[in-house]
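Raw contents of start-v4.txt, compact mmCIF, C-alpha atoms:
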# COMPACT_ATOMS: atom_id res chain seq x y z
CA MET A 1367 5.64 32.94 6.21
CA GLN A 1368 6.86 29.72 4.72
CA THR A 1369 5.02 28.47 1.64
CA ARG A 1370 3.67 24.99 1.41
CA ARG A 1371 5.46 22.65 -0.98
CA ARG A 1372 2.97 20.84 -3.20
CA PHE A 1373 3.50 18.32 -5.92
CA LYS A 1374 1.34 16.22 -8.18
CA GLN A 1375 1.17 12.52 -7.41
CA THR A 1376 2.46 10.49 -10.34
CA LYS A 1377 1.20 7.09 -9.13
CA THR A 1378 -2.10 6.16 -7.58
CA LEU A 1379 -2.31 4.73 -4.08
CA THR A 1380 -3.30 1.35 -5.51
CA ASP A 1381 -0.21 1.31 -7.74
CA LYS A 1382 2.06 2.23 -4.83
CA LEU A 1383 0.56 -0.48 -2.63
CA ALA A 1384 0.83 -3.09 -5.39
CA ASP A 1385 4.48 -2.21 -6.02
CA GLU A 1386 5.28 -2.37 -2.30
CA ALA A 1387 3.53 -5.74 -1.89
CA ALA A 1388 5.40 -7.18 -4.88
CA ARG A 1389 8.71 -5.83 -3.55
CA CYS A 1390 8.10 -7.35 -0.10
CA ARG A 1391 7.15 -10.74 -1.55
CA ALA A 1392 10.18 -10.76 -3.85
CA GLU A 1393 12.52 -9.90 -0.98
CA ALA A 1394 10.88 -12.53 1.24
CA ARG A 1395 11.51 -15.20 -1.42
CA THR A 1396 15.25 -14.62 -1.14
CA LEU A 1397 15.34 -15.03 2.65
CA THR A 1398 15.40 -18.15 4.77
CA PRO A 1399 12.47 -18.72 7.12
CA GLY A 1400 12.70 -16.37 10.06
CA ARG A 1401 11.44 -13.19 11.64
CA ARG A 1402 12.45 -10.82 8.81
CA ARG A 1403 10.77 -13.00 6.18
CA GLU A 1404 7.56 -13.22 8.19
CA MET A 1405 7.51 -9.44 8.66
CA LEU A 1406 7.88 -8.92 4.89
CA LEU A 1407 5.07 -11.35 4.12
CA ARG A 1408 2.89 -9.67 6.74
CA GLN A 1409 3.56 -6.26 5.19
CA ALA A 1410 2.67 -7.64 1.74
CA ARG A 1411 -0.65 -8.97 3.09
CA GLN A 1412 -1.37 -5.62 4.75
CA ASP A 1413 -0.70 -3.80 1.48
CA GLU A 1414 -3.04 -6.14 -0.37
CA THR A 1415 -5.74 -5.66 2.26
CA ALA A 1416 -5.33 -1.89 1.99
CA MET A 1417 -5.81 -2.18 -1.80
CA GLN A 1418 -9.04 -4.13 -1.27
CA ILE A 1419 -10.34 -1.61 1.27
CA GLU A 1420 -9.51 1.30 -1.01
CA ALA A 1421 -11.29 -0.40 -3.93
CA TRP A 1422 -14.31 -1.02 -1.71
CA LEU A 1423 -14.38 2.61 -0.59
CA ARG A 1424 -14.17 3.84 -4.18
CA SER A 1425 -16.82 1.44 -5.47
CA PRO A 1426 -19.90 3.03 -7.04
CA GLY A 1427 -22.15 1.10 -4.66
CA LEU A 1428 -21.13 3.39 -1.81
CA ARG A 1429 -22.80 6.76 -1.96
CA ALA A 1430 -23.03 9.56 0.56
CA PRO A 1431 -26.46 10.00 2.11
CA THR A 1432 -28.57 12.64 0.37

I'd like the structure from this file rewritten - as structure tokens, please.
Amino acid sequence: MQTRRRFKQTKTLTDKLADEAARCRAEARTLTPGRRREMLLRQARQDETAMQIEAWLRSPGLRAPT
């Protein structure tokens, strides 16, 4: 039987999303207006939204029902 390869995450999800959003925005700044630029800006907005949702889900105000 094949063993499962596991590794420890070095960066949090929030850090990864922030890095990806910054990378997309930086790349979009170098492009002229067009489809590729709009797709990069859209991806950056999606990453930022995902960061907000993750922060909301991890907030102490949300608790499992007891």

Practice problem: Rank A:Arg1391, A:Arg1424, A:Lys1377, A:Arg1370 by their smallest atom-to-atom distance to Leu1407 in chain A, using all atoms listed in the file, and report the top residue only. | Solution: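 Among the listed residues, A:Arg1391 lies closest to Leu1407 in chain A.
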
Quiz item: For Leu1406 in chain A, which residue among A:Glu1386, A:Glu1420, A:Ser1425, A:Arg1372 is the nearest when counting all atoms listed in the file?
Solution: A:Glu1386

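Those residues that approach Ala1421 in chain A to within 12 Å, counting all atoms listed in the file, are Thr1378, Leu1379, Thr1380, Asp1381, Leu1383, Glu1414, Thr1415, Gly1427 and Leu1428 of chain A; same-chain residues fewer than 6 positions away are not listed.
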
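Between CA of Asp1413 in chain A and CA of Arg1395 in chain A lies a distance of 17.0 Å.
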
Exercise. Point out the residue among A:Thr1369, A:Gln1418, A:Gln1375, A:Gln1409 with the least atom-to-atom distance to Glu1393 in chain A, counting all atoms listed in the file.
Key: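 Between A:Thr1369, A:Gln1418, A:Gln1375, A:Gln1409, the residue approaching Glu1393 in chain A most closely is A:Gln1409.
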
Quiz item: Closest to Lys1382 in chain A among A:Met1417, A:Met1405, A:Ala1394, A:Met1367, using all atoms listed in the file?
Solution: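 With all atoms listed in the file as the atom set, the closest residue is A:Met1417.
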
Quiz prompt | Interatomic distance, CA of Ala1388 in chain A to CA of Ala1410 in chain A (Å, one decimal) | solution = 7.2 Å

Quiz item: What is the CA of Ala1416 in chain A-CA of Arg1402 in chain A distance in Å, reported with one decimal?
Solution: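 These atoms are spaced 21.0 Å apart.
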